[in-house]
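Structure data (TSV, C-alpha atoms and all ligand atoms) from target29.tsv:
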```
chain	number	residue	atom	x	y	z
A	13	MET	CA	62.44	189.49	56.94
A	14	GLU	CA	64.79	191.83	58.80
A	15	SER	CA	68.29	190.42	59.17
A	16	TRP	CA	70.21	190.84	62.39
A	17	THR	CA	73.99	191.06	62.45
A	18	ILE	CA	75.93	190.48	65.66
A	19	GLN	CA	76.72	194.21	65.79
A	20	LYS	CA	73.09	195.22	65.45
A	21	LEU	CA	72.00	192.68	68.07
A	22	LEU	CA	74.67	193.79	70.51
A	23	ASN	CA	73.59	197.41	70.23
A	24	TRP	CA	69.90	196.55	70.50
A	25	VAL	CA	70.29	194.31	73.56
A	26	THR	CA	72.57	196.88	75.26
A	27	GLU	CA	69.94	199.56	74.76
A	28	TYR	CA	67.16	197.26	75.98
A	29	PHE	CA	69.15	196.40	79.14
A	30	THR	CA	69.91	200.09	79.75
A	31	GLY	CA	66.18	200.83	79.61
A	32	LYS	CA	65.48	198.00	82.08
A	33	SER	CA	68.31	199.10	84.45
A	34	VAL	CA	70.12	195.76	84.10
A	35	ASP	CA	73.62	195.95	85.70
A	36	SER	CA	76.51	196.64	83.27
A	37	PRO	CA	74.25	196.60	80.18
A	38	ARG	CA	76.98	196.29	77.52
A	39	LEU	CA	78.87	193.54	79.36
A	40	SER	CA	75.65	191.68	80.15
A	41	ALA	CA	74.62	191.89	76.46
A	42	GLU	CA	78.03	190.53	75.44
A	43	TRP	CA	77.81	187.55	77.84
A	44	LEU	CA	74.31	186.62	76.72
A	45	LEU	CA	75.19	186.87	73.04
A	46	CYS	CA	78.31	184.75	73.53
A	47	TYR	CA	76.25	182.13	75.32
A	48	ALA	CA	73.38	182.09	72.79
A	49	LEU	CA	75.73	182.04	69.79
A	50	GLY	CA	78.27	179.65	71.36
A	51	ILE	CA	81.21	181.97	70.68
A	52	LYS	CA	83.98	183.72	72.67
A	53	ARG	CA	83.78	187.39	73.56
A	54	ILE	CA	86.52	188.35	71.09
A	55	GLU	CA	84.52	186.65	68.31
A	56	LEU	CA	81.64	189.07	68.85
A	57	TYR	CA	83.95	191.71	67.46
A	58	THR	CA	85.76	189.66	64.80
A	59	GLN	CA	82.36	188.51	63.44
A	60	PHE	CA	80.54	191.84	63.78
A	61	ASN	CA	78.78	191.55	60.40
A	62	LYS	CA	77.76	187.91	60.65
A	63	ILE	CA	74.02	187.36	60.30
A	64	VAL	CA	72.45	185.47	63.20
A	65	GLY	CA	70.12	182.55	62.37
A	66	GLN	CA	66.45	182.35	63.32
A	67	GLU	CA	66.86	179.61	65.90
A	68	GLN	CA	69.60	181.48	67.77
A	69	LEU	CA	67.56	184.68	67.60
A	70	LEU	CA	64.62	182.94	69.28
A	71	GLN	CA	66.86	181.56	72.04
A	72	LEU	CA	68.44	184.96	72.57
A	73	HIS	CA	65.03	186.64	72.67
A	74	GLU	CA	63.97	184.37	75.53
A	75	LEU	CA	67.20	185.00	77.49
A	76	VAL	CA	67.02	188.76	76.96
A	77	LYS	CA	63.44	188.81	78.22
A	78	ARG	CA	64.44	186.94	81.40
A	79	ALA	CA	67.47	189.19	81.96
A	80	GLY	CA	65.13	192.17	81.60
A	81	THR	CA	63.26	190.92	84.68
A	82	HIS	CA	66.63	191.03	86.55
A	83	GLU	CA	67.34	187.31	86.45
A	84	PRO	CA	71.15	187.28	86.90
A	85	ILE	CA	73.15	186.71	83.72
A	86	ALA	CA	75.25	184.06	85.52
A	87	TYR	CA	72.12	181.97	86.17
A	88	LEU	CA	71.03	182.35	82.55
A	89	THR	CA	74.38	181.28	81.14
A	90	GLY	CA	75.13	178.81	83.98
A	91	LYS	CA	78.67	180.16	84.26
A	92	LYS	CA	80.69	182.68	86.24
A	93	GLU	CA	84.35	183.61	86.24
A	94	PHE	CA	86.07	183.84	89.63
A	95	TYR	CA	89.79	184.31	90.22
A	96	SER	CA	90.28	183.88	86.44
A	97	LEU	CA	88.70	180.40	86.55
A	98	GLU	CA	85.34	179.38	85.11
A	99	PHE	CA	82.70	177.94	87.44
A	100	GLU	CA	79.40	176.23	86.77
A	101	ILE	CA	76.56	177.99	88.57
A	102	THR	CA	72.88	177.26	89.18
A	103	LYS	CA	70.26	179.02	91.26
A	104	ASP	CA	71.12	176.58	94.09
A	105	CYS	CA	74.34	178.42	94.83
A	106	LEU	CA	75.41	182.00	95.34
A	107	ILE	CA	77.03	183.65	92.33
A	108	PRO	CA	80.72	184.16	93.23
A	109	ARG	CA	81.51	187.84	93.84
A	110	PRO	CA	84.68	189.70	92.87
A	111	GLU	CA	85.04	190.92	96.51
A	112	THR	CA	85.61	187.32	97.59
A	113	GLU	CA	88.81	187.22	95.50
A	114	LEU	CA	90.46	189.16	98.35
A	115	LEU	CA	89.85	186.20	100.70
A	116	VAL	CA	91.48	183.86	98.17
A	117	GLU	CA	94.40	186.21	97.60
A	118	ARG	CA	95.18	186.57	101.31
A	119	ALA	CA	94.75	182.81	101.86
A	120	ILE	CA	97.29	182.03	99.13
A	121	GLU	CA	99.74	184.64	100.50
A	122	PHE	CA	99.49	183.04	103.95
A	123	LEU	CA	99.95	179.50	102.59
A	124	ARG	CA	103.10	180.56	100.75
A	125	THR	CA	104.69	181.54	104.08
A	126	ARG	CA	104.27	177.99	105.43
A	127	ASN	CA	106.32	174.82	105.02
A	128	GLY	CA	104.99	171.38	104.12
A	129	GLU	CA	101.55	170.24	103.11
A	130	GLN	CA	98.81	172.56	104.32
A	131	PHE	CA	95.47	171.34	105.60
A	132	ILE	CA	92.61	173.76	104.88
A	133	CYS	CA	88.93	173.99	105.74
A	134	ASP	CA	86.58	176.01	103.49
A	135	LEU	CA	83.30	176.44	105.36
A	136	CYS	CA	80.17	177.47	103.42
A	137	THR	CA	81.78	176.45	100.13
A	138	GLY	CA	78.72	176.98	97.88
A	139	CYS	CA	79.82	176.30	94.29
A	140	GLY	CA	83.33	175.55	95.60
A	141	CYS	CA	84.92	178.67	94.11
A	142	VAL	CA	87.11	179.56	97.11
A	143	ALA	CA	88.41	176.01	97.63
A	144	VAL	CA	89.06	175.49	93.90
A	145	ALA	CA	90.80	178.87	93.47
A	146	ILE	CA	93.08	178.15	96.44
A	147	ALA	CA	93.88	174.58	95.34
A	148	ARG	CA	94.60	175.66	91.76
A	149	ASN	CA	97.06	178.28	92.97
A	150	PHE	CA	98.70	176.42	95.85
A	151	ALA	CA	99.59	172.86	95.03
A	152	ASN	CA	100.77	171.51	98.38
A	153	CYS	CA	97.43	171.44	100.18
A	154	ARG	CA	94.41	169.34	100.95
A	155	ILE	CA	91.04	170.96	101.52
A	156	VAL	CA	87.89	169.93	103.34
A	157	ALA	CA	84.94	172.00	102.05
A	158	THR	CA	81.57	171.97	103.77
A	159	ASP	CA	78.11	173.37	103.11
A	160	ILE	CA	74.68	172.79	104.58
A	161	SER	CA	73.09	172.70	101.11
A	162	ASP	CA	73.39	169.40	99.27
A	163	THR	CA	72.23	171.03	96.04
A	164	ALA	CA	75.06	173.59	96.28
A	165	LEU	CA	77.49	170.74	97.01
A	166	ALA	CA	76.38	168.95	93.84
A	167	ILE	CA	77.55	172.00	91.87
A	168	ALA	CA	80.77	172.21	93.90
A	169	GLU	CA	81.44	168.57	93.02
A	170	LYS	CA	81.16	169.38	89.30
A	171	ASN	CA	83.46	172.38	89.65
A	172	ILE	CA	86.05	170.36	91.56
A	173	ALA	CA	85.97	167.68	88.85
A	174	ARG	CA	86.12	170.27	86.07
A	175	HIS	CA	89.32	171.69	87.58
A	176	GLY	CA	90.82	168.24	88.21
A	177	LEU	CA	90.95	168.57	92.01
A	178	MET	CA	88.99	165.50	93.16
A	179	ASN	CA	91.97	164.07	95.01
A	180	ARG	CA	92.73	167.29	96.91
A	181	ILE	CA	89.28	168.66	97.86
A	182	LYS	CA	86.88	166.61	99.94
A	183	LEU	CA	83.25	167.76	100.20
A	184	LEU	CA	81.20	167.22	103.33
A	185	GLN	CA	77.55	168.15	103.86
A	186	GLY	CA	76.38	169.63	107.15
A	187	ASP	CA	76.17	172.55	109.55
A	188	LEU	CA	79.49	174.45	109.69
A	189	PHE	CA	82.11	172.27	111.48
A	190	GLU	CA	79.70	169.44	112.32
A	191	PRO	CA	80.59	167.20	109.32
A	192	VAL	CA	84.30	167.82	109.89
A	193	ILE	CA	84.01	166.21	113.31
A	194	ALA	CA	81.84	163.39	112.03
A	195	GLY	CA	84.01	162.69	108.99
A	196	LEU	CA	87.57	163.13	110.13
A	197	GLY	CA	87.91	162.95	113.90
A	198	PRO	CA	89.86	165.72	115.63
A	199	ALA	CA	91.18	167.29	112.44
A	200	LYS	CA	93.33	170.40	112.88
A	201	PHE	CA	93.68	172.88	110.08
A	202	ASP	CA	96.45	175.31	109.13
A	203	LEU	CA	93.85	177.61	107.64
A	204	ILE	CA	90.09	177.98	107.94
A	205	VAL	CA	88.53	180.19	105.25
A	206	CYS	CA	84.90	181.11	104.98
A	207	ASN	CA	82.63	183.44	103.04
A	208	PRO	CA	79.57	182.98	105.26
A	209	PRO	CA	76.07	184.39	104.94
A	210	TYR	CA	76.37	187.82	106.67
A	211	VAL	CA	73.45	190.00	105.55
A	212	SER	CA	71.20	191.32	108.34
A	213	GLU	CA	67.43	190.82	108.05
A	214	PRO	CA	66.78	194.56	107.54
A	215	ASP	CA	69.49	194.77	104.83
A	216	TYR	CA	68.19	191.60	103.20
A	217	GLU	CA	64.82	193.29	102.66
A	218	LYS	CA	66.61	196.14	100.86
A	219	LEU	CA	68.66	193.98	98.45
A	220	THR	CA	68.21	194.66	94.74
A	221	PRO	CA	65.76	192.34	92.92
A	222	ASN	CA	68.50	190.58	90.91
A	223	VAL	CA	69.88	189.32	94.26
A	224	LYS	CA	66.83	189.03	96.51
A	225	ASP	CA	64.48	187.45	93.97
A	226	PHE	CA	66.95	184.93	92.54
A	227	GLU	CA	69.84	183.99	94.86
A	228	PRO	CA	69.25	181.56	97.79
A	229	LYS	CA	68.35	183.42	100.98
A	230	SER	CA	70.21	180.78	103.00
A	231	ALA	CA	73.44	181.86	101.27
A	232	LEU	CA	72.98	185.51	102.22
A	233	ALA	CA	70.96	186.17	105.36
A	234	ALA	CA	72.26	185.50	108.87
A	235	GLY	CA	69.81	186.78	111.47
A	236	GLN	CA	68.86	190.19	112.77
A	237	ASP	CA	72.41	191.61	112.81
A	238	GLY	CA	73.86	189.37	110.07
A	239	LEU	CA	76.32	187.89	112.55
A	240	ASP	CA	74.60	184.61	113.50
A	241	ILE	CA	76.91	182.38	111.44
A	242	ILE	CA	80.06	184.44	112.04
A	243	LYS	CA	79.53	184.22	115.84
A	244	ARG	CA	79.18	180.44	115.65
A	245	ILE	CA	82.33	180.11	113.53
A	246	ILE	CA	84.35	182.29	115.92
A	247	ALA	CA	83.12	180.25	118.90
A	248	ASP	CA	84.23	176.97	117.32
A	249	ALA	CA	87.16	177.74	115.01
A	250	SER	CA	90.08	177.64	117.44
A	251	ARG	CA	89.29	174.01	118.36
A	252	HIS	CA	89.91	173.14	114.71
A	253	LEU	CA	93.05	175.19	114.15
A	254	LYS	CA	96.66	174.18	114.70
A	255	PRO	CA	98.60	176.57	116.97
A	256	THR	CA	99.48	179.56	114.72
A	257	GLY	CA	96.84	178.41	112.24
A	258	ILE	CA	94.68	181.20	110.83
A	259	LEU	CA	90.99	181.99	110.54
A	260	MET	CA	90.00	184.17	107.56
A	261	LEU	CA	86.43	185.36	107.23
A	262	GLU	CA	84.76	187.50	104.62
A	263	ILE	CA	82.55	190.03	106.44
A	264	GLY	CA	79.94	192.66	105.59
A	265	ASN	CA	81.06	196.18	104.75
A	266	GLU	CA	80.03	197.60	108.14
A	267	GLN	CA	80.84	194.61	110.35
A	268	GLY	CA	84.57	195.28	110.93
A	269	ASN	CA	84.34	196.75	114.47
A	270	GLU	CA	81.85	194.17	115.68
A	271	VAL	CA	83.75	191.18	114.26
A	272	GLN	CA	87.06	192.51	115.63
A	273	LYS	CA	85.49	192.72	119.11
A	274	LEU	CA	84.08	189.19	118.79
A	275	LEU	CA	87.48	187.78	117.81
A	276	GLU	CA	89.33	189.65	120.55
A	277	THR	CA	86.92	188.73	123.31
A	278	ALA	CA	86.85	185.06	122.24
A	279	GLY	CA	90.24	184.84	124.02
A	280	CYS	CA	91.71	182.19	121.73
A	281	PHE	CA	93.02	184.44	118.93
A	282	SER	CA	95.87	186.92	118.58
A	283	ASP	CA	96.80	189.41	115.84
A	284	VAL	CA	93.20	190.19	114.92
A	285	LYS	CA	93.05	192.30	111.77
A	286	ILE	CA	90.22	193.77	109.73
A	287	GLU	CA	91.08	194.53	106.11
A	288	LYS	CA	89.23	196.76	103.69
A	289	ASP	CA	88.55	195.82	100.07
A	290	TYR	CA	89.42	197.80	96.92
A	291	SER	CA	86.32	199.95	97.49
A	292	ASN	CA	87.62	200.83	100.98
A	293	LEU	CA	84.89	198.83	102.73
A	294	ASP	CA	85.40	196.33	105.59
A	295	ARG	CA	85.75	192.94	103.88
A	296	LEU	CA	88.06	190.54	105.67
A	297	ALA	CA	88.70	189.47	109.26
A	298	VAL	CA	91.90	187.57	109.99
A	299	ALA	CA	92.94	186.07	113.34
A	300	VAL	CA	95.74	183.76	114.44
A	301	ALA	CA	95.00	180.87	116.80
A	302	LYS	CA	96.85	181.21	120.13
A	303	PRO	CA	98.89	178.17	121.11
A	304	ALA	CA	97.05	176.11	123.76
A	305	LYS	CA	98.34	176.72	127.34
B	1	LIG	C1	77.86	183.58	100.95
B	1	LIG	S1	77.63	181.92	100.33
B	1	LIG	C2	79.32	181.57	99.91
B	1	LIG	C3	79.47	180.59	98.80
B	1	LIG	C4	80.90	180.52	98.23
B	1	LIG	N1	81.87	180.13	99.24
B	1	LIG	C5	81.28	181.85	97.62
B	1	LIG	O1	82.16	182.52	98.19
B	1	LIG	O2	80.71	182.24	96.59
B	1	LIG	C6	77.32	181.07	101.83
B	1	LIG	C7	77.14	179.56	101.75
B	1	LIG	O3	76.94	179.12	103.11
B	1	LIG	C8	76.05	178.03	103.11
B	1	LIG	N2	75.52	177.93	104.48
B	1	LIG	C9	74.55	178.67	105.07
B	1	LIG	N3	74.37	178.28	106.35
B	1	LIG	C10	75.26	177.27	106.58
B	1	LIG	C11	75.57	176.45	107.72
B	1	LIG	N4	74.92	176.61	108.88
B	1	LIG	N5	76.52	175.51	107.59
B	1	LIG	C12	77.19	175.35	106.42
B	1	LIG	N6	76.94	176.09	105.30
B	1	LIG	C13	76.00	177.04	105.39
B	1	LIG	C14	75.05	178.36	102.04
B	1	LIG	O4	74.41	177.19	101.58
B	1	LIG	C15	75.94	179.03	100.99
B	1	LIG	O5	76.38	178.09	100.04
```
For the structure just supplied, provide its representation as structure tokens.
Ligand SMILES: C[S@@+](CC[C@H](N)C(=O)[O-])C[C@H]1O[C@@H](n2cnc3c(N)ncnc32)[C@H](O)[C@@H]1O
Amino acid sequence: MESWTIQKLLNWVTEYFTGKSVDSPRLSAEWLLCYALGIKRIELYTQFNKIVGQEQLLQLHELVKRAGTHEPIAYLTGKKEFYSLEFEITKDCLIPRPETELLVERAIEFLRTRNGEQFICDLCTGCGCVAVAIARNFANCRIVATDISDTALAIAEKNIARHGLMNRIKLLQGDLFEPVIAGLGPAKFDLIVCNPPYVSEPDYEKLTPNVKDFEPKSALAAGQDGLDIIKRIIADASRHLKPTGILMLEIGNEQGNEVQKLLETAGCFSDVKIEKDYSNLDRLAVAVAKPAK
């Protein structure tokens, strides 16, 4: 019987993924091999000539076949790195995106300018990646994280426990701010962060199969112009912010002008800014709550 070394497998899977137009074929092959063989990425290279056993080959074969149909690698391995932290992921939650690290980075920068314990709300928390990344990098804070999906919240709960943050992040299930009111009374936050669903219906139809066929639509799509959820957050956020508290929203790459207008015409924010990401696309909207008159 033909024997397969790690090196030979890595090359074969990379070539197979290239032929199937899987994203980042070499990297995807590495992640799947690491998962199937239970080893770290560096070990793929330090054990290049190791022969892989029959049982592991069968498991890998199954995973490679599924990845070839564009099932995301993160759902196959059940893991995704975000802000240099590892998160558990299932098909019930969106796979954290590198673009969202900008939201976390700006949130942490803002928190470091403040004094005392900071009270934060992470709306649409999904797997909890934004809340966990902030809490791990800024100790003096408490976070309320909400999501409408109880299955996503079950994953967030595991991630919060995995990173030892149970006493600093509280999860609440419900529609945007609704559970915050029900759970905590008139809570006022120093910072509200949110990576909401913001894909328009027409754009949703054009998403690549690895996104559209596998990730939850409720985590992505937000009405005809993609702004349904963002509009509702802008309408409600200032009631939940302390004076000089900040709202930070991830936005779609062509939504900057529209979101800026929405924030400016809401009348309760000052210093509205739209920031571009590392690919020079609109990515973040930031607005400061005006003190109440
Ligand atoms: C784009 S995902 C963001 C997940 C995570 N924060 C991240 O950055 O990877 C949006 C999340 O919003 C949740 N969601 C959608 N509509 C909602 C609503 N009306 N109220 C609360 N959460 C909602 C979805 O369940 C999903 O988990």
Return as a tab-separated table the residues of chain A lying at most 9 Å from ligand LIG 1 (chain B), together with the closest atom-to-atom pair for each and the distance in Å to one decimal, counting only C-alpha atoms and all ligand atoms, with rows in chain order and ascending residue number.
```
residue	atom	partner	partner_atom	distance
A:Phe94	CA	B:LIG1	O2	8.9
A:Asp104	CA	B:LIG1	O5	8.1
A:Cys105	CA	B:LIG1	O5	5.6
A:Leu106	CA	B:LIG1	O2	5.5
A:Ile107	CA	B:LIG1	O2	5.8
A:Pro108	CA	B:LIG1	O2	3.9
A:Arg109	CA	B:LIG1	O2	6.3
A:Thr112	CA	B:LIG1	O1	5.9
A:Glu113	CA	B:LIG1	O1	8.6
A:Leu115	CA	B:LIG1	O1	8.9
A:Asp134	CA	B:LIG1	N1	7.6
A:Leu135	CA	B:LIG1	C12	6.3
A:Cys136	CA	B:LIG1	O3	3.6
A:Thr137	CA	B:LIG1	N1	3.8
A:Gly138	CA	B:LIG1	O5	3.4
A:Cys139	CA	B:LIG1	C4	5.9
A:Gly140	CA	B:LIG1	N1	6.0
A:Cys141	CA	B:LIG1	C5	6.0
A:Val142	CA	B:LIG1	N1	5.7
A:Ala143	CA	B:LIG1	N1	7.9
A:Thr158	CA	B:LIG1	C12	6.1
A:Asp159	CA	B:LIG1	N6	3.7
A:Ile160	CA	B:LIG1	C12	4.0
A:Ser161	CA	B:LIG1	O4	4.7
A:Asp162	CA	B:LIG1	O4	8.2
A:Thr163	CA	B:LIG1	O4	8.6
A:Ala164	CA	B:LIG1	O5	6.0
A:Leu165	CA	B:LIG1	O5	8.0
A:Gln185	CA	B:LIG1	C12	7.7
A:Gly186	CA	B:LIG1	C12	5.8
A:Asp187	CA	B:LIG1	N5	3.6
A:Leu188	CA	B:LIG1	N5	3.8
A:Phe189	CA	B:LIG1	N5	7.5
A:Glu190	CA	B:LIG1	N5	8.3
A:Val205	CA	B:LIG1	N1	9.0
A:Cys206	CA	B:LIG1	N1	6.6
A:Asn207	CA	B:LIG1	C2	4.9
A:Pro208	CA	B:LIG1	C6	4.5
A:Pro209	CA	B:LIG1	C1	4.4
A:Tyr210	CA	B:LIG1	C1	7.3
A:Pro228	CA	B:LIG1	O4	7.8
A:Lys229	CA	B:LIG1	C14	8.5
A:Ser230	CA	B:LIG1	C9	5.3
A:Ala231	CA	B:LIG1	C15	3.8
A:Leu232	CA	B:LIG1	C1	5.4
A:Ala233	CA	B:LIG1	C9	8.3
A:Ala234	CA	B:LIG1	N3	7.9
A:Ile241	CA	B:LIG1	N4	6.6
A:Arg244	CA	B:LIG1	N4	8.9
A:Glu262	CA	B:LIG1	O1	8.5
```
Residue nearest Leu114 in chain A among A:Trp24, A:Phe131, A:Tyr95, A:Phe150 (counting all atoms listed in the file): A:Tyr95
Option closest in space to Glu100 in chain A, from A:Val34, A:Leu123, A:Ala301, A:Ala86 [counting all atoms listed in the file]: A:Ala86
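Among A:Val192, A:Ala41, A:Ile172, A:Val76, the residue with the shortest atom-to-atom distance to Glu98 in chain A, counting all atoms listed in the file, is A:Ile172.
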Among listed residues A:Leu45, A:Ala147, A:Leu219, A:Val64, nearest Glu14 in chain A (using all atoms listed in the file): A:Val64
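Selecting by distance to (86.5, 195.6, 108.3) with a limit of 8 Å and using all atoms listed in the file, one obtains Ile263, Gly264, Asn265, Glu266, Gln267, Gly268, Asn269, Val271, Gln272, Ile286, Glu287, Lys288, Leu293, Asp294, Arg295, Leu296 and Ala297 of chain A.
One distance worth recording is that between CA of Leu239 in chain A and CA of Pro214 in chain A, which is 12.7 Å.
Closest approach to Glu227 in chain A from the set A:Ile85, A:Ile132, A:Leu56, A:Leu44 is made by A:Ile85, with distances taken over all atoms listed in the file.
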Distance query Ala304 in chain A at most 12 Å, only C-alpha atoms, self and fewer than 4 positions along chain excluded, as a count of residues only: 11
Distance in Å - CA of Ser33 in chain A versus CA of Thr102 in chain A: 22.8 Å
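Put simply, CA of Glu27 in chain A is 19.9 Å away from CA of Lys62 in chain A.
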Protein/DNA/RNA residues near (75.8, 185.3, 66.8), cut 10 Å, all atoms listed in the file, as a ChimeraX atom specification: /A:16-19,21-22,45-51,55-56,59-65,68-69,72
Please produce a file of those selected residues containing C-alpha atoms, as an mmCIF file, in the coordinates of the input.
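To be explicit, this is the file written out as out-v4.cif:
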```cif
data_model
loop_
_atom_site.group_PDB
_atom_site.id
_atom_site.type_symbol
_atom_site.label_atom_id
_atom_site.label_comp_id
_atom_site.auth_asym_id
_atom_site.auth_seq_id
_atom_site.Cartn_x
_atom_site.Cartn_y
_atom_site.Cartn_z
ATOM 1 C CA TRP A 16 70.210 190.840 62.390
ATOM 2 C CA THR A 17 73.990 191.060 62.450
ATOM 3 C CA ILE A 18 75.930 190.480 65.660
ATOM 4 C CA GLN A 19 76.720 194.210 65.790
ATOM 5 C CA LEU A 21 72.000 192.680 68.070
ATOM 6 C CA LEU A 22 74.670 193.790 70.510
ATOM 7 C CA LEU A 45 75.190 186.870 73.040
ATOM 8 C CA CYS A 46 78.310 184.750 73.530
ATOM 9 C CA TYR A 47 76.250 182.130 75.320
ATOM 10 C CA ALA A 48 73.380 182.090 72.790
ATOM 11 C CA LEU A 49 75.730 182.040 69.790
ATOM 12 C CA GLY A 50 78.270 179.650 71.360
ATOM 13 C CA ILE A 51 81.210 181.970 70.680
ATOM 14 C CA GLU A 55 84.520 186.650 68.310
ATOM 15 C CA LEU A 56 81.640 189.070 68.850
ATOM 16 C CA GLN A 59 82.360 188.510 63.440
ATOM 17 C CA PHE A 60 80.540 191.840 63.780
ATOM 18 C CA ASN A 61 78.780 191.550 60.400
ATOM 19 C CA LYS A 62 77.760 187.910 60.650
ATOM 20 C CA ILE A 63 74.020 187.360 60.300
ATOM 21 C CA VAL A 64 72.450 185.470 63.200
ATOM 22 C CA GLY A 65 70.120 182.550 62.370
ATOM 23 C CA GLN A 68 69.600 181.480 67.770
ATOM 24 C CA LEU A 69 67.560 184.680 67.600
ATOM 25 C CA LEU A 72 68.440 184.960 72.570
#
```
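Considering all atoms listed in the file, the residue among A:Arg174, A:Lys52, A:Arg124, A:His73 positioned nearest to Val25 in chain A is A:His73.
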Give the padded box for range 112-117 of chain A as JSON: axis-aligned, covering all atoms listed in the file, 8 Å on each side, centre and edge lengths in Å to one decimal.
```
{"center_x": 90.0, "center_y": 186.5, "center_z": 98.1, "size_x": 24.8, "size_y": 21.3, "size_z": 21.2}
```
